[in-house]
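For reference, run-v9.txt (compact mmCIF, C-alpha atoms and all ligand atoms):
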# COMPACT_ATOMS: atom_id res chain seq x y z
CA MET A 4 -53.65 -29.65 -26.81
CA SER A 5 -53.61 -33.42 -27.17
CA THR A 6 -50.50 -35.29 -28.24
CA ASP A 7 -52.76 -37.62 -30.29
CA THR A 8 -53.34 -34.90 -32.85
CA VAL A 9 -49.74 -33.67 -33.03
CA ILE A 10 -47.62 -34.31 -36.12
CA TYR A 11 -44.18 -33.77 -34.68
CA VAL A 12 -41.53 -33.07 -37.31
CA ASP A 13 -39.20 -30.98 -35.14
CA ASN A 14 -36.86 -33.73 -34.03
CA ASN A 15 -33.67 -31.69 -34.52
CA SER A 16 -35.02 -29.51 -31.69
CA THR A 17 -35.75 -32.36 -29.36
CA THR A 18 -37.16 -35.88 -29.52
CA ARG A 19 -39.76 -37.95 -27.80
CA VAL A 20 -38.28 -40.08 -25.03
CA ALA A 21 -38.58 -43.67 -26.31
CA PRO A 22 -40.94 -45.86 -24.21
CA GLU A 23 -38.10 -48.38 -23.75
CA VAL A 24 -35.95 -45.55 -22.37
CA VAL A 25 -38.66 -44.49 -19.90
CA GLU A 26 -38.97 -48.11 -18.80
CA ALA A 27 -35.21 -48.38 -18.23
CA MET A 28 -35.14 -45.14 -16.24
CA LEU A 29 -38.11 -45.72 -13.93
CA PRO A 30 -36.41 -48.05 -11.43
CA TYR A 31 -33.75 -45.37 -10.89
CA LEU A 32 -36.43 -42.80 -10.06
CA ASN A 33 -38.75 -45.02 -8.04
CA THR A 34 -36.51 -47.49 -6.27
CA TRP A 35 -32.77 -47.26 -6.83
CA TYR A 36 -32.19 -43.64 -5.91
CA GLY A 37 -28.79 -44.18 -4.31
CA ASN A 38 -25.86 -41.87 -4.93
CA PRO A 39 -23.29 -43.62 -7.16
CA SER A 40 -20.52 -42.18 -4.95
CA SER A 41 -21.90 -43.84 -1.79
CA PRO A 42 -19.84 -46.83 -0.69
CA HIS A 43 -22.88 -48.85 0.47
CA ALA A 44 -24.73 -51.49 -1.54
CA PHE A 45 -27.55 -49.10 -2.45
CA GLY A 46 -25.05 -46.70 -4.03
CA GLU A 47 -23.42 -49.57 -5.83
CA VAL A 48 -26.63 -50.31 -7.76
CA SER A 49 -26.54 -46.78 -9.18
CA ARG A 50 -22.80 -46.97 -9.79
CA LYS A 51 -23.20 -50.17 -11.78
CA ALA A 52 -26.08 -48.66 -13.77
CA VAL A 53 -23.93 -45.66 -14.74
CA GLU A 54 -21.08 -47.95 -15.82
CA LYS A 55 -23.47 -50.10 -17.87
CA ALA A 56 -24.68 -46.96 -19.66
CA ARG A 57 -21.09 -45.89 -20.28
CA GLY A 58 -20.51 -49.21 -22.05
CA GLN A 59 -23.71 -48.81 -24.11
CA VAL A 60 -22.73 -45.32 -25.29
CA ALA A 61 -19.17 -46.45 -26.01
CA ALA A 62 -20.50 -49.32 -28.13
CA LEU A 63 -22.61 -46.94 -30.23
CA LEU A 64 -19.61 -44.68 -30.87
CA GLY A 65 -16.99 -47.39 -31.36
CA ALA A 66 -15.19 -45.98 -28.32
CA LEU A 67 -13.78 -47.33 -25.07
CA PRO A 68 -15.90 -46.94 -21.91
CA GLU A 69 -13.14 -44.86 -20.29
CA GLU A 70 -13.38 -42.40 -23.19
CA ILE A 71 -16.98 -41.49 -22.26
CA ILE A 72 -17.63 -38.61 -19.83
CA PHE A 73 -21.25 -37.95 -18.89
CA THR A 74 -22.15 -34.24 -18.87
CA GLY A 75 -25.28 -32.15 -18.40
CA CYS A 76 -25.93 -31.42 -22.09
CA GLY A 77 -24.38 -31.02 -25.53
CA THR A 78 -23.57 -27.37 -24.81
CA GLU A 79 -21.51 -28.31 -21.76
CA SER A 80 -19.62 -30.93 -23.79
CA ASP A 81 -18.83 -28.36 -26.51
CA ASN A 82 -17.63 -25.78 -23.97
CA ALA A 83 -15.58 -28.33 -22.03
CA ALA A 84 -13.71 -29.58 -25.12
CA ILE A 85 -12.72 -26.14 -26.37
CA LEU A 86 -11.76 -24.70 -22.99
CA SER A 87 -9.73 -27.79 -22.16
CA ALA A 88 -7.74 -27.50 -25.40
CA LEU A 89 -6.96 -23.83 -24.71
CA GLU A 90 -5.81 -24.55 -21.17
CA ASN A 91 -3.68 -27.45 -22.29
CA ASP A 92 -1.44 -25.46 -24.58
CA VAL A 93 -1.46 -21.83 -23.49
CA LYS A 94 0.92 -20.80 -26.27
CA ARG A 95 -1.64 -21.68 -28.95
CA ARG A 96 -4.18 -18.82 -28.96
CA LYS A 97 -6.20 -19.62 -32.09
CA ILE A 98 -9.39 -21.58 -32.73
CA VAL A 99 -10.66 -22.62 -36.14
CA THR A 100 -14.37 -23.29 -36.50
CA THR A 101 -17.12 -22.69 -39.07
CA ALA A 102 -19.68 -20.00 -39.66
CA VAL A 103 -22.54 -22.49 -39.27
CA GLU A 104 -21.88 -24.01 -35.83
CA HIS A 105 -24.52 -24.10 -33.12
CA PRO A 106 -24.52 -21.19 -30.60
CA ALA A 107 -23.01 -23.69 -28.12
CA ILE A 108 -19.77 -23.12 -30.07
CA LEU A 109 -20.29 -19.68 -31.62
CA SER A 110 -21.32 -17.87 -28.42
CA LEU A 111 -18.37 -19.38 -26.58
CA CYS A 112 -16.04 -18.26 -29.38
CA LYS A 113 -17.43 -14.73 -29.10
CA VAL A 114 -16.58 -14.67 -25.39
CA LEU A 115 -13.12 -16.12 -26.08
CA GLN A 116 -12.51 -13.44 -28.70
CA GLN A 117 -13.24 -10.81 -26.05
CA ARG A 118 -10.64 -12.56 -23.87
CA GLY A 119 -8.01 -12.12 -26.56
CA TYR A 120 -8.17 -15.39 -28.50
CA HIS A 121 -8.24 -15.34 -32.29
CA ILE A 122 -11.11 -17.18 -33.96
CA ASP A 123 -11.27 -18.09 -37.65
CA TYR A 124 -14.74 -18.89 -39.00
CA VAL A 125 -14.51 -20.98 -42.16
CA PRO A 126 -17.26 -19.91 -44.58
CA VAL A 127 -19.69 -22.19 -46.46
CA ASP A 128 -20.96 -21.99 -50.04
CA THR A 129 -24.59 -21.49 -51.08
CA LYS A 130 -25.36 -25.16 -50.41
CA GLY A 131 -23.79 -24.88 -46.95
CA ARG A 132 -20.70 -26.90 -47.96
CA LEU A 133 -17.21 -26.45 -46.51
CA ASN A 134 -14.06 -26.35 -48.61
CA LEU A 135 -11.18 -28.37 -47.11
CA GLU A 136 -8.70 -26.01 -48.79
CA HIS A 137 -9.82 -23.24 -46.42
CA PHE A 138 -8.80 -25.39 -43.45
CA ARG A 139 -5.42 -26.20 -45.03
CA GLN A 140 -4.77 -22.48 -45.43
CA ILE A 141 -5.94 -21.37 -41.97
CA VAL A 142 -4.93 -24.09 -39.50
CA SER A 143 -1.44 -23.36 -38.20
CA GLU A 144 1.01 -24.13 -35.38
CA GLU A 145 -0.80 -21.42 -33.40
CA THR A 146 -4.14 -23.28 -33.57
CA ALA A 147 -5.10 -24.96 -30.31
CA ILE A 148 -8.26 -26.67 -31.58
CA VAL A 149 -10.35 -27.04 -34.70
CA SER A 150 -14.06 -27.53 -33.99
CA VAL A 151 -16.41 -28.57 -36.81
CA MET A 152 -19.88 -30.01 -36.40
CA TRP A 153 -20.55 -33.45 -37.87
CA ALA A 154 -24.08 -32.53 -38.95
CA ASN A 155 -25.74 -29.14 -39.13
CA ASN A 156 -28.94 -28.78 -37.11
CA GLU A 157 -30.65 -26.49 -39.65
CA SER A 158 -29.65 -27.69 -43.12
CA GLY A 159 -28.84 -31.25 -42.07
CA ASN A 160 -25.53 -30.96 -43.97
CA LEU A 161 -22.85 -33.52 -43.12
CA TYR A 162 -19.23 -32.40 -42.91
CA PRO A 163 -16.02 -34.37 -43.62
CA VAL A 164 -14.86 -34.32 -40.02
CA GLN A 165 -12.32 -37.15 -40.36
CA GLU A 166 -10.48 -35.28 -43.13
CA ILE A 167 -10.58 -32.01 -41.20
CA ALA A 168 -9.23 -33.82 -38.11
CA GLU A 169 -6.21 -34.90 -40.18
CA ILE A 170 -5.58 -31.30 -41.25
CA ALA A 171 -5.72 -30.22 -37.58
CA HIS A 172 -3.36 -32.98 -36.45
CA ALA A 173 -0.82 -32.16 -39.18
CA LYS A 174 -0.32 -28.83 -37.39
CA GLY A 175 -0.38 -30.32 -33.90
CA ALA A 176 -3.87 -28.97 -33.12
CA LEU A 177 -6.65 -30.95 -31.45
CA PHE A 178 -9.91 -31.73 -33.23
CA HIS A 179 -13.40 -31.54 -31.75
CA THR A 180 -16.70 -32.34 -33.43
CA ASP A 181 -20.16 -31.35 -32.26
CA ALA A 182 -21.97 -34.56 -33.22
CA VAL A 183 -25.17 -33.69 -31.35
CA GLN A 184 -27.24 -34.02 -34.56
CA ALA A 185 -25.26 -36.88 -36.08
CA VAL A 186 -25.28 -39.56 -33.38
CA GLY A 187 -28.24 -41.90 -33.81
CA LYS A 188 -29.02 -40.67 -37.33
CA ILE A 189 -25.89 -41.82 -39.19
CA PRO A 190 -23.13 -44.30 -38.33
CA VAL A 191 -20.54 -42.64 -36.08
CA ASN A 192 -17.45 -44.76 -35.54
CA LEU A 193 -14.49 -43.39 -33.63
CA LYS A 194 -12.37 -46.54 -33.87
CA ASP A 195 -9.81 -45.02 -36.22
CA GLY A 196 -8.87 -42.53 -33.50
CA ARG A 197 -8.79 -39.38 -35.60
CA ILE A 198 -11.26 -37.41 -33.50
CA ASP A 199 -10.01 -36.11 -30.14
CA PHE A 200 -13.28 -34.80 -28.69
CA LEU A 201 -16.90 -35.42 -29.66
CA SER A 202 -20.09 -33.98 -28.13
CA MET A 203 -23.47 -35.64 -28.05
CA SER A 204 -26.77 -34.91 -26.32
CA GLY A 205 -29.39 -37.27 -24.94
CA HIS A 206 -32.49 -35.38 -25.98
CA LYS A 207 -31.66 -35.57 -29.68
CA LEU A 208 -31.78 -39.36 -29.75
CA HIS A 209 -34.88 -40.24 -27.75
CA ALA A 210 -33.29 -39.97 -24.28
CA PRO A 211 -34.31 -37.22 -21.84
CA LYS A 212 -33.09 -33.65 -21.69
CA GLY A 213 -30.30 -32.72 -19.27
CA VAL A 214 -27.79 -35.44 -20.09
CA GLY A 215 -24.95 -35.35 -22.58
CA VAL A 216 -21.63 -36.96 -23.36
CA LEU A 217 -18.16 -35.74 -24.05
CA TYR A 218 -16.02 -38.36 -25.77
CA ARG A 219 -12.37 -37.75 -25.03
CA ARG A 220 -9.95 -39.94 -26.97
CA LYS A 221 -7.73 -42.01 -24.69
CA GLY A 222 -4.45 -40.22 -24.10
CA VAL A 223 -5.74 -36.72 -24.90
CA LYS A 224 -5.17 -34.45 -21.93
CA PHE A 225 -8.40 -33.09 -20.46
CA ASN A 226 -8.83 -30.22 -18.05
CA GLN A 227 -11.95 -30.50 -15.98
CA PHE A 228 -14.66 -27.97 -16.86
CA VAL A 229 -17.07 -28.55 -13.95
CA ILE A 230 -14.88 -28.56 -10.84
CA GLY A 231 -15.90 -30.05 -7.51
CA GLY A 232 -16.14 -33.67 -6.38
CA HIS A 233 -14.41 -36.59 -8.05
CA GLN A 234 -17.35 -37.99 -10.01
CA GLU A 235 -16.84 -39.31 -13.54
CA HIS A 236 -13.40 -40.60 -12.62
CA GLY A 237 -12.35 -37.09 -11.61
CA LEU A 238 -13.21 -35.60 -15.02
CA ARG A 239 -16.63 -33.99 -14.41
CA ALA A 240 -17.80 -33.04 -10.94
CA GLY A 241 -21.41 -33.13 -9.77
CA THR A 242 -23.61 -36.01 -8.64
CA GLU A 243 -24.51 -38.03 -11.70
CA ASN A 244 -27.99 -37.78 -13.24
CA VAL A 245 -28.42 -41.53 -12.83
CA PRO A 246 -31.89 -41.93 -14.44
CA GLY A 247 -30.85 -39.66 -17.32
CA ILE A 248 -27.60 -41.56 -17.85
CA VAL A 249 -29.40 -44.92 -17.72
CA GLY A 250 -31.90 -43.53 -20.27
CA LEU A 251 -29.10 -42.36 -22.54
CA GLY A 252 -27.45 -45.76 -22.35
CA ARG A 253 -30.67 -47.48 -23.41
CA ALA A 254 -31.28 -44.86 -26.12
CA ALA A 255 -27.78 -45.53 -27.48
CA GLU A 256 -28.56 -49.23 -27.68
CA LEU A 257 -31.83 -48.51 -29.51
CA ALA A 258 -30.11 -46.03 -31.83
CA GLU A 259 -27.78 -48.78 -32.99
CA GLN A 260 -30.76 -51.08 -33.64
CA PHE A 261 -32.68 -48.42 -35.55
CA LEU A 262 -29.78 -47.01 -37.58
CA TYR A 263 -30.85 -48.99 -40.66
CA GLU A 264 -34.40 -47.65 -40.30
CA GLU A 265 -33.04 -44.08 -40.15
CA GLN A 266 -31.23 -44.68 -43.45
CA THR A 267 -34.22 -46.31 -45.16
CA LYS A 268 -37.69 -45.60 -43.71
CA VAL A 269 -36.96 -42.14 -42.31
CA ARG A 270 -35.00 -41.14 -45.41
CA ALA A 271 -37.83 -42.34 -47.69
CA LEU A 272 -40.42 -40.33 -45.73
CA ARG A 273 -38.22 -37.20 -45.85
CA ASP A 274 -37.63 -37.64 -49.60
CA HIS A 275 -41.36 -38.13 -50.22
CA LEU A 276 -42.22 -35.02 -48.20
CA GLU A 277 -39.60 -32.91 -49.95
CA ALA A 278 -40.43 -34.12 -53.46
CA ARG A 279 -44.18 -33.51 -53.05
CA LEU A 280 -43.73 -30.06 -51.48
CA LEU A 281 -41.34 -29.05 -54.26
CA ALA A 282 -43.89 -30.21 -56.83
CA LEU A 283 -46.91 -28.59 -55.17
CA CYS A 284 -45.51 -25.21 -54.02
CA PRO A 285 -44.26 -22.95 -56.81
CA ASP A 286 -40.73 -21.55 -56.67
CA PRO A 287 -39.30 -23.38 -53.64
CA LEU A 288 -35.65 -23.44 -52.59
CA VAL A 289 -34.02 -26.37 -50.79
CA ASN A 290 -31.44 -25.15 -48.29
CA GLY A 291 -28.58 -27.62 -47.96
CA ASP A 292 -26.47 -30.13 -49.79
CA PRO A 293 -28.76 -32.85 -51.19
CA GLU A 294 -25.82 -35.24 -51.56
CA HIS A 295 -24.40 -35.03 -48.03
CA ARG A 296 -27.30 -34.58 -45.69
CA LEU A 297 -28.84 -36.21 -42.64
CA PRO A 298 -31.56 -38.67 -43.70
CA ASN A 299 -34.20 -36.95 -41.53
CA THR A 300 -33.89 -33.26 -42.40
CA ALA A 301 -35.45 -31.11 -45.12
CA ASN A 302 -35.04 -27.35 -45.04
CA ILE A 303 -37.14 -25.57 -47.63
CA SER A 304 -37.59 -21.85 -48.23
CA PHE A 305 -40.97 -20.69 -49.47
CA LYS A 306 -40.15 -17.38 -51.10
CA TYR A 307 -41.97 -14.06 -50.46
CA ILE A 308 -43.50 -15.14 -47.12
CA GLU A 309 -42.52 -15.45 -43.46
CA GLY A 310 -41.65 -18.82 -41.95
CA GLU A 311 -43.20 -17.72 -38.64
CA SER A 312 -46.58 -17.17 -40.36
CA ILE A 313 -46.37 -20.60 -42.01
CA LEU A 314 -45.62 -22.20 -38.63
CA MET A 315 -48.57 -20.45 -36.98
CA LEU A 316 -51.01 -21.60 -39.65
CA ILE A 317 -49.83 -25.22 -39.85
CA ASN A 318 -49.89 -25.32 -36.06
CA GLN A 319 -53.69 -25.29 -36.39
CA PHE A 320 -53.43 -28.75 -37.95
CA GLY A 321 -51.15 -29.93 -35.14
CA ILE A 322 -48.05 -29.80 -37.36
CA CYS A 323 -44.95 -28.91 -35.33
CA ALA A 324 -41.98 -27.90 -37.45
CA SER A 325 -39.44 -25.13 -37.08
CA SER A 326 -38.32 -22.01 -38.89
CA GLY A 327 -34.56 -21.63 -38.86
CA SER A 328 -32.99 -22.99 -35.69
CA ALA A 329 -35.35 -23.78 -32.84
CA CYS A 330 -32.78 -22.37 -30.43
CA THR A 331 -32.99 -18.96 -32.10
CA SER A 332 -36.58 -18.93 -33.34
CA GLY A 333 -37.62 -16.71 -30.42
CA SER A 334 -36.27 -13.82 -32.50
CA LEU A 335 -37.18 -12.95 -36.06
CA GLU A 336 -33.55 -12.46 -37.10
CA PRO A 337 -32.81 -14.69 -40.08
CA SER A 338 -30.80 -17.70 -39.00
CA HIS A 339 -27.01 -17.32 -39.05
CA VAL A 340 -26.77 -20.60 -40.95
CA LEU A 341 -28.96 -19.40 -43.83
CA ARG A 342 -27.14 -16.06 -43.83
CA ALA A 343 -23.79 -17.87 -44.04
CA MET A 344 -25.22 -19.77 -47.04
CA SER A 345 -26.16 -16.44 -48.69
CA VAL A 346 -29.79 -17.51 -49.07
CA PRO A 347 -31.42 -14.68 -51.09
CA GLN A 348 -33.43 -12.05 -49.16
CA ILE A 349 -36.74 -13.15 -50.73
CA ALA A 350 -36.21 -16.66 -49.37
CA ILE A 351 -34.31 -16.25 -46.11
CA HIS A 352 -37.36 -15.39 -43.98
CA GLY A 353 -39.53 -18.15 -45.44
CA SER A 354 -37.55 -21.22 -44.44
CA ILE A 355 -39.12 -24.20 -42.73
CA ARG A 356 -37.17 -27.08 -41.29
CA PHE A 357 -38.83 -30.50 -41.15
CA SER A 358 -36.88 -32.98 -39.06
CA LEU A 359 -38.32 -36.47 -38.91
CA CYS A 360 -37.72 -39.51 -36.73
CA ARG A 361 -38.56 -43.20 -36.62
CA TYR A 362 -41.94 -42.52 -35.02
CA ASN A 363 -43.26 -40.54 -38.00
CA THR A 364 -45.71 -42.33 -40.28
CA ARG A 365 -46.56 -42.08 -43.97
CA GLN A 366 -50.02 -40.86 -42.97
CA GLU A 367 -48.55 -37.94 -41.01
CA ILE A 368 -46.31 -36.97 -43.91
CA ASP A 369 -49.26 -37.13 -46.31
CA THR A 370 -51.24 -34.82 -43.99
CA ILE A 371 -48.40 -32.27 -44.16
CA ILE A 372 -48.38 -32.61 -47.96
CA GLU A 373 -52.13 -31.97 -48.00
CA LYS A 374 -52.23 -29.05 -45.52
CA LEU A 375 -49.10 -27.04 -46.30
CA PRO A 376 -49.46 -26.03 -49.99
CA PRO A 377 -52.81 -24.19 -49.47
CA VAL A 378 -51.21 -22.32 -46.53
CA ILE A 379 -48.33 -21.21 -48.76
CA LYS A 380 -50.79 -20.12 -51.46
CA ARG A 381 -52.90 -18.14 -48.99
CA LEU A 382 -49.91 -16.36 -47.45
CA ARG A 383 -48.50 -15.49 -50.86
CA GLU A 384 -51.83 -13.93 -51.87
CA ILE A 385 -51.60 -11.49 -48.97
CA SER A 386 -47.82 -11.05 -49.12
CA PRO A 387 -46.63 -7.43 -49.47
CA TYR A 388 -44.30 -8.76 -52.19
CA GLY A 389 -47.46 -9.30 -54.28
CA ARG A 390 -46.95 -12.95 -55.19
N1 LIG B 1 -25.07 -28.62 -30.98
C1 LIG B 1 -26.02 -28.79 -31.90
C2 LIG B 1 -25.62 -29.04 -33.32
C3 LIG B 1 -27.36 -28.74 -31.54
O1 LIG B 1 -28.31 -28.89 -32.47
C4 LIG B 1 -27.70 -28.50 -30.19
C5 LIG B 1 -29.11 -28.36 -29.78
O2 LIG B 1 -29.96 -27.97 -30.53
C6 LIG B 1 -26.66 -28.35 -29.26
C7 LIG B 1 -25.36 -28.41 -29.68
C8 LIG B 1 -26.94 -28.12 -27.81
O3 LIG B 1 -27.28 -29.32 -27.17
P1 LIG B 1 -28.02 -29.26 -25.74
O4 LIG B 1 -29.40 -28.79 -25.98
O5 LIG B 1 -27.96 -30.66 -25.22
O6 LIG B 1 -27.21 -28.32 -24.90
Would you mind giving the structure from this file in structure tokens?
Amino acid sequence: MSTDTVIYVDNNSTTRVAPEVVEAMLPYLNTWYGNPSSPHAFGEVSRKAVEKARGQVAALLGALPEEIIFTGCGTESDNAAILSALENDVKRRKIVTTAVEHPAILSLCKVLQQRGYHIDYVPVDTKGRLNLEHFRQIVSEETAIVSVMWANNESGNLYPVQEIAEIAHAKGALFHTDAVQAVGKIPVNLKDGRIDFLSMSGHKLHAPKGVGVLYRRKGVKFNQFVIGGHQEHGLRAGTENVPGIVGLGRAAELAEQFLYEEQTKVRALRDHLEARLLALCPDPLVNGDPEHRLPNTANISFKYIEGESILMLINQFGICASSGSACTSGSLEPSHVLRAMSVPQIAIHGSIRFSLCRYNTRQEIDTIIEKLPPVIKRLREISPYGR
């Protein structure tokens, strides 16, 4: 397979590492391989590079450098925030989250439930929207933490995290947001101090895999999740992934520069793709909230057929998209997000997620518009549902 022929529209799964990011990382692979904890001059070069990256990430988030903890991935950041909150106030045994979180939250909650914690999963409506009233009813003095994603990886839906944070704080609970899909695609500004913990992940914003961030608001108590040495100012043990951190710092800088492009060029390409597919494929269903959605994501169900079959056939044209969540697409179980949205049975198996990025071109999108509708038609002709 050649990357020249690939049309990659699976950016909510992972992204291409930006060439500028590779360039920033290379010296820390080739030359400056010192350990940031080493007291000698060679170590100091790495130490300074990590601190520069901390400042770059903080600038993107509107945070202070000391509020940024580098981690191994978004999943680690999610786990660390929730477990820290539970350890901090052992009398509070409840967690409030949503039915549409990533497995990084939901699988942890399942384990915590087995350990005796009580988890409330706030439901969504058929467009995947949350109702703030549910949070007002459920969050109580027994709630340790409320965790709600900023943007959903499958539908692209955006959630009112600042308002939910206020509801959590009114009951003395902490608030965490999984912003892995939001950072770099929409403005994320933590200056107003309402969010206590935020997770992000390098590989979703054109930095490499294996590096993440946990933002911890200044003053919020944090119990270390990875225990060992005193790296990350004693908050996360383990020798720092210096090239990865440097790459994430540069990616954060680029994300700020390209934010306008995400809102304009990427959004226009997504809207063009969605509008043409809706016009050309009979009886489609858009999964998500068209009014509060990431600019790069379109999730469309093509009724009566299997998303996996669509993916296999468009793969022949080099088109890389996803059916349901990439993290769960190894199994043919319908995605928990679409199930939570009560997507009808005839549509739930036929969903395709297109997630674009700044590297996509109009020509690529037009190729998808040309190649996909005949695939849908062909599959429907042989569908056991007889459409
Ligand atoms: N949270 C969300 C919303 C995600 O989409 C993902 C990855 O797909 C994660 C968390 C996990 O991030 P990572 O792959 O860095 O562990």
Nearest to Phe225 in chain A among A:Glu264, A:Glu169, A:Glu54, A:Asp92, with distances taken over all atoms listed in the file: which residue is it?
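Between A:Glu264, A:Glu169, A:Glu54, A:Asp92, the residue approaching Phe225 in chain A most closely is A:Asp92.
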Test item: residues at most 9 Å from Ala255 in chain A, all atoms listed in the file, excluding those fewer than 5 positions along its chain, as an NGL selection string:
:A and (56 or 59-64 or 186-187 or 205 or 208-210 or 250 or 260)
Find, counting all atoms listed in the file, the residue in A:Arg239, A:Arg383, A:Arg356, A:Arg19 that gets nearest to His206 in chain A.
A:Arg19
Using all atoms listed in the file, which residues sit within 7 Å of range 358-371 of chain A once same-chain residues fewer than 4 positions away are excluded, as a ChimeraX atom specification?
/A:10,12-15,265,269,272-273,276,299-301,375
Smallest atom-to-atom distance to ligand LIG 1 (chain B): which of A:Gln140, A:Ser49, A:Asn290, A:Ser325, using all atoms listed in the file?
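Checking each of A:Gln140, A:Ser49, A:Asn290, A:Ser325 against ligand LIG 1 (chain B), counting all atoms listed in the file, the winner is A:Ser325.
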Could you complete range 42-48 of chain A so that it carries all heavy atoms, and give it back as a short mmCIF file (atom, residue, chain, number, x, y, z; two decimals), in the frame of the given file?
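Once everything was written out, this is rebuild_26.cif:
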data_model
loop_
_atom_site.label_atom_id
_atom_site.label_comp_id
_atom_site.auth_asym_id
_atom_site.auth_seq_id
_atom_site.Cartn_x
_atom_site.Cartn_y
_atom_site.Cartn_z
N PRO A 42 -20.53 -45.52 -0.72
CA PRO A 42 -19.84 -46.83 -0.69
C PRO A 42 -20.77 -48.00 -0.39
O PRO A 42 -20.39 -49.15 -0.60
CB PRO A 42 -18.80 -46.64 0.42
CG PRO A 42 -19.30 -45.52 1.27
CD PRO A 42 -20.16 -44.66 0.42
N HIS A 43 -22.01 -47.72 0.09
CA HIS A 43 -22.88 -48.85 0.47
C HIS A 43 -23.50 -49.52 -0.76
O HIS A 43 -23.39 -49.03 -1.89
CB HIS A 43 -23.97 -48.39 1.46
CG HIS A 43 -24.65 -47.13 1.06
ND1 HIS A 43 -25.39 -47.02 -0.08
CD2 HIS A 43 -24.68 -45.91 1.67
CE1 HIS A 43 -25.88 -45.80 -0.16
NE2 HIS A 43 -25.45 -45.09 0.89
N ALA A 44 -24.19 -50.65 -0.46
CA ALA A 44 -24.73 -51.49 -1.54
C ALA A 44 -25.75 -50.73 -2.39
O ALA A 44 -25.85 -50.94 -3.61
CB ALA A 44 -25.36 -52.73 -0.94
N PHE A 45 -26.51 -49.85 -1.73
CA PHE A 45 -27.55 -49.10 -2.45
C PHE A 45 -26.90 -48.17 -3.49
O PHE A 45 -27.38 -48.05 -4.62
CB PHE A 45 -28.35 -48.27 -1.43
CG PHE A 45 -29.74 -47.97 -1.86
CD1 PHE A 45 -30.61 -48.98 -2.24
CD2 PHE A 45 -30.20 -46.66 -1.87
CE1 PHE A 45 -31.91 -48.69 -2.64
CE2 PHE A 45 -31.49 -46.36 -2.27
CZ PHE A 45 -32.35 -47.38 -2.65
N GLY A 46 -25.79 -47.55 -3.09
CA GLY A 46 -25.05 -46.70 -4.03
C GLY A 46 -24.45 -47.52 -5.16
O GLY A 46 -24.38 -47.06 -6.30
N GLU A 47 -24.07 -48.73 -4.82
CA GLU A 47 -23.42 -49.57 -5.83
C GLU A 47 -24.36 -49.90 -6.99
O GLU A 47 -23.92 -50.03 -8.14
CB GLU A 47 -22.91 -50.85 -5.17
CG GLU A 47 -21.90 -51.53 -6.06
CD GLU A 47 -21.42 -52.86 -5.51
OE1 GLU A 47 -21.62 -53.11 -4.31
OE2 GLU A 47 -20.86 -53.63 -6.29
N VAL A 48 -25.66 -50.02 -6.68
CA VAL A 48 -26.63 -50.31 -7.76
C VAL A 48 -26.59 -49.17 -8.78
O VAL A 48 -26.53 -49.38 -10.00
CB VAL A 48 -28.06 -50.49 -7.18
CG1 VAL A 48 -29.09 -50.68 -8.28
CG2 VAL A 48 -28.10 -51.66 -6.21
#
